[in-house]
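What follows is the content of structure11.cif (mmCIF, C-alpha atoms).
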data_protein
loop_
_atom_site.group_PDB
_atom_site.id
_atom_site.type_symbol
_atom_site.label_atom_id
_atom_site.label_comp_id
_atom_site.auth_asym_id
_atom_site.auth_seq_id
_atom_site.Cartn_x
_atom_site.Cartn_y
_atom_site.Cartn_z
ATOM 1 C CA MET A 1 97.266 70.587 103.502
ATOM 2 C CA LYS A 2 95.479 71.235 106.797
ATOM 3 C CA THR A 3 93.387 74.366 107.208
ATOM 4 C CA ILE A 4 93.773 76.351 110.430
ATOM 5 C CA HIS A 5 91.563 79.280 111.381
ATOM 6 C CA VAL A 6 92.316 81.723 114.194
ATOM 7 C CA ILE A 7 89.733 83.636 116.233
ATOM 8 C CA GLY A 8 91.378 85.863 118.809
ATOM 9 C CA ASP A 9 91.923 89.345 120.136
ATOM 10 C CA SER A 10 94.570 91.897 119.146
ATOM 11 C CA ILE A 11 97.341 89.769 120.655
ATOM 12 C CA SER A 12 96.628 87.196 117.941
ATOM 13 C CA ILE A 13 96.544 89.919 115.289
ATOM 14 C CA HIS A 14 100.091 90.872 116.250
ATOM 15 C CA TYR A 15 101.617 87.383 116.316
ATOM 16 C CA GLY A 16 99.480 86.283 113.361
ATOM 17 C CA PRO A 17 101.876 87.075 110.486
ATOM 18 C CA TYR A 18 104.675 85.200 112.231
ATOM 19 C CA LEU A 19 102.379 82.276 112.971
ATOM 20 C CA ALA A 20 101.209 82.135 109.360
ATOM 21 C CA ALA A 21 104.841 81.925 108.203
ATOM 22 C CA TYR A 22 105.687 79.164 110.679
ATOM 23 C CA LEU A 23 102.619 77.141 109.705
ATOM 24 C CA ALA A 24 103.029 77.644 105.950
ATOM 25 C CA PRO A 25 105.001 74.415 105.256
ATOM 26 C CA TYR A 26 102.230 72.159 106.516
ATOM 27 C CA ALA A 27 99.018 74.154 107.001
ATOM 28 C CA HIS A 28 96.976 76.930 105.414
ATOM 29 C CA TYR A 29 96.458 79.758 107.885
ATOM 30 C CA SER A 30 93.459 82.069 108.002
ATOM 31 C CA ARG A 31 91.870 84.272 110.644
ATOM 32 C CA LYS A 32 88.861 86.416 111.330
ATOM 33 C CA THR A 33 89.297 89.342 108.969
ATOM 34 C CA GLY A 34 88.106 92.890 108.505
ATOM 35 C CA LYS A 35 88.975 96.360 109.692
ATOM 36 C CA ILE A 36 91.340 96.410 112.673
ATOM 37 C CA GLY A 37 90.963 99.998 113.836
ATOM 38 C CA ASN A 38 91.332 100.756 117.556
ATOM 39 C CA LEU A 39 92.610 97.571 119.199
ATOM 40 C CA ASP A 40 90.829 98.454 122.442
ATOM 41 C CA ASN A 41 87.452 98.724 120.663
ATOM 42 C CA PRO A 42 87.332 95.401 118.823
ATOM 43 C CA GLU A 43 85.898 95.089 115.350
ATOM 44 C CA GLY A 44 86.725 93.261 112.148
ATOM 45 C CA ALA A 45 89.752 91.037 112.622
ATOM 46 C CA ASN A 46 89.690 91.512 116.393
ATOM 47 C CA GLY A 47 87.717 88.675 117.975
ATOM 48 C CA GLY A 48 86.759 90.784 120.992
ATOM 49 C CA ASP A 49 85.066 89.334 124.049
ATOM 50 C CA SER A 50 83.404 85.942 124.407
ATOM 51 C CA ALA A 51 80.000 87.234 123.282
ATOM 52 C CA MET A 52 81.557 88.590 120.084
ATOM 53 C CA VAL A 53 83.295 85.261 119.436
ATOM 54 C CA LEU A 54 79.946 83.491 119.758
ATOM 55 C CA ASP A 55 78.396 85.864 117.225
ATOM 56 C CA TYR A 56 81.254 85.247 114.804
ATOM 57 C CA LEU A 57 80.973 81.468 115.138
ATOM 58 C CA ARG A 58 77.252 81.635 114.410
ATOM 59 C CA THR A 59 78.008 83.667 111.283
ATOM 60 C CA CYS A 60 80.549 81.055 110.161
ATOM 61 C CA ILE A 61 78.063 78.230 110.715
ATOM 62 C CA ASP A 62 75.413 80.065 108.708
ATOM 63 C CA ALA A 63 77.969 80.528 105.913
ATOM 64 C CA GLY A 64 78.816 76.811 105.874
ATOM 65 C CA ARG A 65 82.474 77.328 106.765
ATOM 66 C CA HIS A 66 84.738 74.471 107.904
ATOM 67 C CA TRP A 67 88.383 74.085 108.897
ATOM 68 C CA ASP A 68 90.559 71.212 110.092
ATOM 69 C CA LEU A 69 91.568 73.083 113.241
ATOM 70 C CA LEU A 70 90.303 76.142 115.097
ATOM 71 C CA LEU A 71 92.544 78.206 117.385
ATOM 72 C CA ILE A 72 90.363 80.271 119.700
ATOM 73 C CA ASN A 73 90.959 82.787 122.474
ATOM 74 C CA CYS A 74 89.007 85.447 124.301
ATOM 75 C CA GLY A 75 89.389 86.987 127.716
ATOM 76 C CA LEU A 76 91.257 90.285 127.612
ATOM 77 C CA HIS A 77 88.138 92.180 126.573
ATOM 78 C CA ASP A 78 85.903 90.204 128.930
ATOM 79 C CA ILE A 79 87.910 91.384 131.966
ATOM 80 C CA LYS A 80 87.858 95.093 131.065
ATOM 81 C CA ARG A 81 86.508 97.249 133.892
ATOM 82 C CA TYR A 82 85.027 100.652 133.143
ATOM 83 C CA THR A 83 83.019 101.213 136.329
ATOM 84 C CA GLY A 84 84.403 98.473 138.553
ATOM 85 C CA LEU A 85 82.359 95.726 136.917
ATOM 86 C CA ARG A 86 83.903 93.394 134.371
ATOM 87 C CA GLN A 87 82.639 93.668 130.793
ATOM 88 C CA ILE A 88 81.618 89.982 130.902
ATOM 89 C CA ASN A 89 81.257 88.601 134.417
ATOM 90 C CA PRO A 90 82.877 85.248 135.297
ATOM 91 C CA ALA A 91 79.662 83.206 135.210
ATOM 92 C CA ALA A 92 78.695 84.599 131.815
ATOM 93 C CA TYR A 93 82.232 84.053 130.526
ATOM 94 C CA GLU A 94 82.153 80.413 131.596
ATOM 95 C CA ARG A 95 78.802 79.893 129.859
ATOM 96 C CA ASN A 96 80.033 81.649 126.731
ATOM 97 C CA VAL A 97 83.234 79.590 126.541
ATOM 98 C CA SER A 98 81.227 76.390 126.916
ATOM 99 C CA ARG A 99 78.967 77.475 124.077
ATOM 100 C CA ILE A 100 82.004 78.507 122.017
ATOM 101 C CA PHE A 101 83.313 74.953 122.169
ATOM 102 C CA ASP A 102 79.892 73.583 121.223
ATOM 103 C CA LEU A 103 79.619 75.838 118.180
ATOM 104 C CA ALA A 104 83.252 75.223 117.218
ATOM 105 C CA GLY A 105 82.353 71.564 116.884
ATOM 106 C CA HIS A 106 80.125 72.457 113.939
ATOM 107 C CA LEU A 107 83.011 74.178 112.173
ATOM 108 C CA SER A 108 85.949 71.896 112.876
ATOM 109 C CA GLN A 109 86.660 68.434 114.237
ATOM 110 C CA ARG A 110 89.467 69.854 116.372
ATOM 111 C CA CYS A 111 89.771 72.953 118.491
ATOM 112 C CA LEU A 112 92.636 74.377 120.537
ATOM 113 C CA TRP A 113 92.097 77.022 123.200
ATOM 114 C CA LEU A 114 94.815 79.603 123.845
ATOM 115 C CA ARG A 115 95.099 80.894 127.401
ATOM 116 C CA THR A 116 94.880 84.675 127.729
ATOM 117 C CA THR A 117 98.212 86.512 128.009
ATOM 118 C CA PRO A 118 99.360 88.196 131.240
ATOM 119 C CA VAL A 119 98.739 91.784 132.290
ATOM 120 C CA ILE A 120 101.030 93.869 134.490
ATOM 121 C CA ASP A 121 98.538 95.905 136.497
ATOM 122 C CA ALA A 122 100.692 98.993 137.075
ATOM 123 C CA ILE A 123 101.677 99.248 133.399
ATOM 124 C CA HIS A 124 98.129 98.820 132.156
ATOM 125 C CA GLN A 125 96.584 101.336 134.528
ATOM 126 C CA ALA A 126 99.347 103.907 133.903
ATOM 127 C CA ARG A 127 99.164 103.655 130.112
ATOM 128 C CA MET A 128 95.408 103.108 129.629
ATOM 129 C CA PRO A 129 93.287 105.495 131.723
ATOM 130 C CA ASP A 130 90.029 104.622 129.926
ATOM 131 C CA PHE A 131 89.527 101.256 131.644
ATOM 132 C CA GLN A 132 91.246 98.858 134.012
ATOM 133 C CA ARG A 133 92.556 95.333 133.697
ATOM 134 C CA PHE A 134 93.976 93.148 136.467
ATOM 135 C CA ASN A 135 96.127 90.060 136.133
ATOM 136 C CA ALA A 136 94.142 88.441 138.944
ATOM 137 C CA ASP A 137 91.168 88.518 136.572
ATOM 138 C CA VAL A 138 93.283 86.993 133.800
ATOM 139 C CA GLU A 139 94.093 84.097 136.109
ATOM 140 C CA ILE A 140 90.451 83.645 137.140
ATOM 141 C CA TYR A 141 89.205 83.635 133.566
ATOM 142 C CA ASN A 142 92.020 81.342 132.394
ATOM 143 C CA ALA A 143 91.077 78.874 135.131
ATOM 144 C CA LEU A 144 87.437 78.974 134.050
ATOM 145 C CA ALA A 145 88.381 78.340 130.415
ATOM 146 C CA ASP A 146 90.768 75.573 131.457
ATOM 147 C CA ALA A 147 87.954 73.774 133.266
ATOM 148 C CA VAL A 148 85.571 74.097 130.333
ATOM 149 C CA ALA A 149 88.229 72.894 127.879
ATOM 150 C CA ALA A 150 88.951 69.868 130.074
ATOM 151 C CA ALA A 151 85.254 69.021 130.292
ATOM 152 C CA LYS A 152 84.930 69.314 126.509
ATOM 153 C CA GLY A 153 88.086 67.290 125.850
ATOM 154 C CA ALA A 154 89.738 70.206 124.037
ATOM 155 C CA GLY A 155 93.457 70.950 123.911
ATOM 156 C CA VAL A 156 94.929 74.054 125.541
ATOM 157 C CA ILE A 157 97.991 76.093 124.544
ATOM 158 C CA ASP A 158 99.380 77.817 127.624
ATOM 159 C CA LEU A 159 100.382 81.122 126.061
ATOM 160 C CA TYR A 160 99.937 82.783 129.462
ATOM 161 C CA THR A 161 102.726 80.892 131.228
ATOM 162 C CA PHE A 162 104.986 80.931 128.179
ATOM 163 C CA SER A 163 104.675 84.709 127.857
ATOM 164 C CA GLN A 164 105.527 85.139 131.532
ATOM 165 C CA THR A 165 108.865 83.404 130.934
ATOM 166 C CA LEU A 166 109.875 86.002 128.336
ATOM 167 C CA GLY A 167 110.385 88.916 130.709
ATOM 168 C CA GLY A 168 108.561 91.682 132.527
ATOM 169 C CA ALA A 169 107.737 95.282 131.713
ATOM 170 C CA GLU A 170 110.166 95.339 128.790
ATOM 171 C CA MET A 171 107.917 92.892 126.911
ATOM 172 C CA TYR A 172 105.170 95.465 126.415
ATOM 173 C CA GLN A 173 105.022 98.131 123.734
ATOM 174 C CA ASP A 174 101.969 99.722 125.351
ATOM 175 C CA HIS A 175 99.472 98.805 128.092
ATOM 176 C CA VAL A 176 98.923 95.182 127.067
ATOM 177 C CA HIS A 177 100.429 94.499 123.619
ATOM 178 C CA PHE A 178 103.844 92.942 123.179
ATOM 179 C CA THR A 179 106.955 93.982 121.273
ATOM 180 C CA PRO A 180 107.594 92.404 117.847
ATOM 181 C CA GLU A 181 110.326 90.228 119.359
ATOM 182 C CA VAL A 182 107.879 88.765 121.861
ATOM 183 C CA GLN A 183 105.186 88.385 119.192
ATOM 184 C CA GLN A 184 107.574 86.268 117.127
ATOM 185 C CA LEU A 185 108.430 84.047 120.089
ATOM 186 C CA GLN A 186 104.743 83.606 120.897
ATOM 187 C CA ALA A 187 104.066 82.579 117.309
ATOM 188 C CA ALA A 188 106.882 80.022 117.366
ATOM 189 C CA PHE A 189 105.534 78.564 120.606
ATOM 190 C CA ILE A 190 102.013 78.279 119.204
ATOM 191 C CA ALA A 191 103.230 76.798 115.915
ATOM 192 C CA GLY A 192 105.151 74.111 117.773
ATOM 193 C CA ALA A 193 102.116 73.249 119.876
ATOM 194 C CA VAL A 194 99.897 73.110 116.799
ATOM 195 C CA GLN A 195 102.303 70.885 114.911
ATOM 196 C CA ALA A 196 102.550 68.492 117.857
ATOM 197 C CA PHE A 197 98.776 68.452 118.255
ATOM 198 C CA LEU A 198 98.133 67.705 114.597
ATOM 199 C CA ALA A 199 100.682 64.890 114.701
ATOM 200 C CA THR A 200 99.143 63.179 117.730
ATOM 201 C CA ALA A 201 95.460 64.104 118.008
ATOM 202 C CA PRO A 202 93.011 61.426 116.860
ATOM 203 C CA VAL A 203 90.380 62.369 114.331
ATOM 204 C CA SER A 204 87.051 62.699 116.115
ATOM 205 C CA SER A 205 83.550 62.944 114.773
ATOM 206 C CA LYS A 206 81.728 66.254 114.793
ATOM 207 C CA ARG A 207 79.670 67.061 117.877
#

As structure tokens:
Amino acid sequence: MKTIHVIGDSISIHYGPYLAAYLAPYAHYSRKTGKIGNLDNPEGANGGDSAMVLDYLRTCIDAGRHWDLLLINCGLHDIKRYTGLRQINPAAYERNVSRIFDLAGHLSQRCLWLRTTPVIDAIHQARMPDFQRFNADVEIYNALADAVAAAKGAGVIDLYTFSQTLGGAEMYQDHVHFTPEVQQLQAAFIAGAVQAFLATAPVSSKR
């Protein structure tokens, strides 16, 4: 049975149980684990921003971990603005994502990148006064990750566009997280993409 490991932010924590159930017939699911705590201050199971993902991948390499497929996402924490500046600026994000793919190659022969989910600016700013997020930044950072993934020959799951088709403000249970119904649909979409990828992707040698 294939082994699949997920590294992602709180969005992936929410759809994770559904995804694990959908993958169960043909793959063993695991994810970054640990204390969840405040979803806006990532720790434990929450992958956090791109710098945190890099740190986690280095830890996995040092521990000699390996999986058949990695599912990776970061972006929502990178675009957070506390004083007008993004937490991780676009140039640093692009460099980090490139390095993420390089390190992922030491842990798995295959890697799929999940595009960051959409933000509705007015909802986020009204419900989360501590920091700002803008969907324009989501689109910029998704485009940067898309370009890096293409250059690295990695597959991409367009969770951003799929989530947009599911509705508007009613999709959100708070400033950025989705309702259980949407989480389940996201998991089904990802599971289908993973199953198709595993059925068609050639086995490549490690980088």

Checklist entry - To one decimal place, how far is CA of Met171 (chain A) from CA of Asn73 (chain A) in Å? => result 20.2 Å

Checklist entry - For the file shown, what are the residues hit by the PyMOL selection byres ((chain A and resi 160) around 10), laid out as a ChimeraX atom specification? => result /A:114-119,138-139,142,157-159,161-165,186

Checklist entry - From the set A:Gly105, A:Gly34, A:Gly84, A:Gly44, which residue has the shortest atom-to-atom contact distance to Ile61 (chain A), counting all atoms listed in the file? => result A:Gly105

Checklist entry - So what does the PyMOL selection byres ((chain A and resi 174) around 10) actually pick up in this one, as a list in words? => result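 Here the PyMOL selection byres ((chain A and resi 174) around 10) matches Ile123, His124, Ala126, Arg127, Met128, Ala169, Glu170, Met171, Tyr172, Gln173, His175, Val176, His177, Phe178 and Thr179 of chain A.
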
Next on the checklist: Considering all atoms listed in the file, can you say which of A:Lys80, A:Arg99, A:Asp62, A:His28 comes closest to Pro129 (chain A)?
Outcome noted: A:Lys80

Next on the checklist: Residues near region 51-60 of chain A, anyone? I mean within 12 Å using all atoms listed in the file, not counting same-chain ones fewer than 5 positions away, as a ChimeraX atom specification.
Outcome noted: /A:5-9,31-33,41-46,65-67,70-75,77-78,87-89,92-108

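You will find CA of Gly64 (chain A) at 24.1 Å from CA of Leu23 (chain A).
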
Checklist entry - If you measure from CA of Phe197 (chain A) to CA of Cys111 (chain A), what distance in Å do you get, rounded to one decimal? => result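 Atom-to-atom, CA of Phe197 (chain A) and CA of Cys111 (chain A) are spaced 10.1 Å apart.
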
Item to check | the PyMOL selection byres ((chain A and resi 12-17) around 7) applied to the shown file, residues as a PyMOL selection string | outcome: chain A and resi 8-11+18-21+183-184+186-187

Go ahead and write the residues just picked, C-alpha atoms, as an mmCIF file, in the frame of the given file.
data_model
loop_
_atom_site.group_PDB
_atom_site.id
_atom_site.type_symbol
_atom_site.label_atom_id
_atom_site.label_comp_id
_atom_site.auth_asym_id
_atom_site.auth_seq_id
_atom_site.Cartn_x
_atom_site.Cartn_y
_atom_site.Cartn_z
ATOM 1 C CA GLY A 8 91.378 85.863 118.809
ATOM 2 C CA ASP A 9 91.923 89.345 120.136
ATOM 3 C CA SER A 10 94.570 91.897 119.146
ATOM 4 C CA ILE A 11 97.341 89.769 120.655
ATOM 5 C CA TYR A 18 104.675 85.200 112.231
ATOM 6 C CA LEU A 19 102.379 82.276 112.971
ATOM 7 C CA ALA A 20 101.209 82.135 109.360
ATOM 8 C CA ALA A 21 104.841 81.925 108.203
ATOM 9 C CA GLN A 183 105.186 88.385 119.192
ATOM 10 C CA GLN A 184 107.574 86.268 117.127
ATOM 11 C CA GLN A 186 104.743 83.606 120.897
ATOM 12 C CA ALA A 187 104.066 82.579 117.309
#

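Every protein, DNA or RNA residue with an atom at most 9 Å from Ala149 (chain A), where all atoms listed in the file count and chain neighbours fewer than 4 positions away do not, is listed here: Val97, Ser98, Phe101, Leu112, Trp113, Leu144, Ala145, Gly153, Ala154, Gly155 and Val156 of chain A.
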
Where is the centre and how long are the edges: axis-aligned box on region 92-101 of chain A, 8 Å on each side, Å to one decimal, as JSON:
{"center_x": 81.0, "center_y": 79.8, "center_z": 126.9, "size_x": 20.6, "size_y": 25.6, "size_z": 25.8}

Checklist entry - Looking at only C-alpha atoms, which of A:Thr83, A:Ser30, A:Thr3, A:Gln109 is the one that sits closest to Phe131 (chain A)? => result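 Of all the options, A:Thr83 lies closest to Phe131 (chain A).
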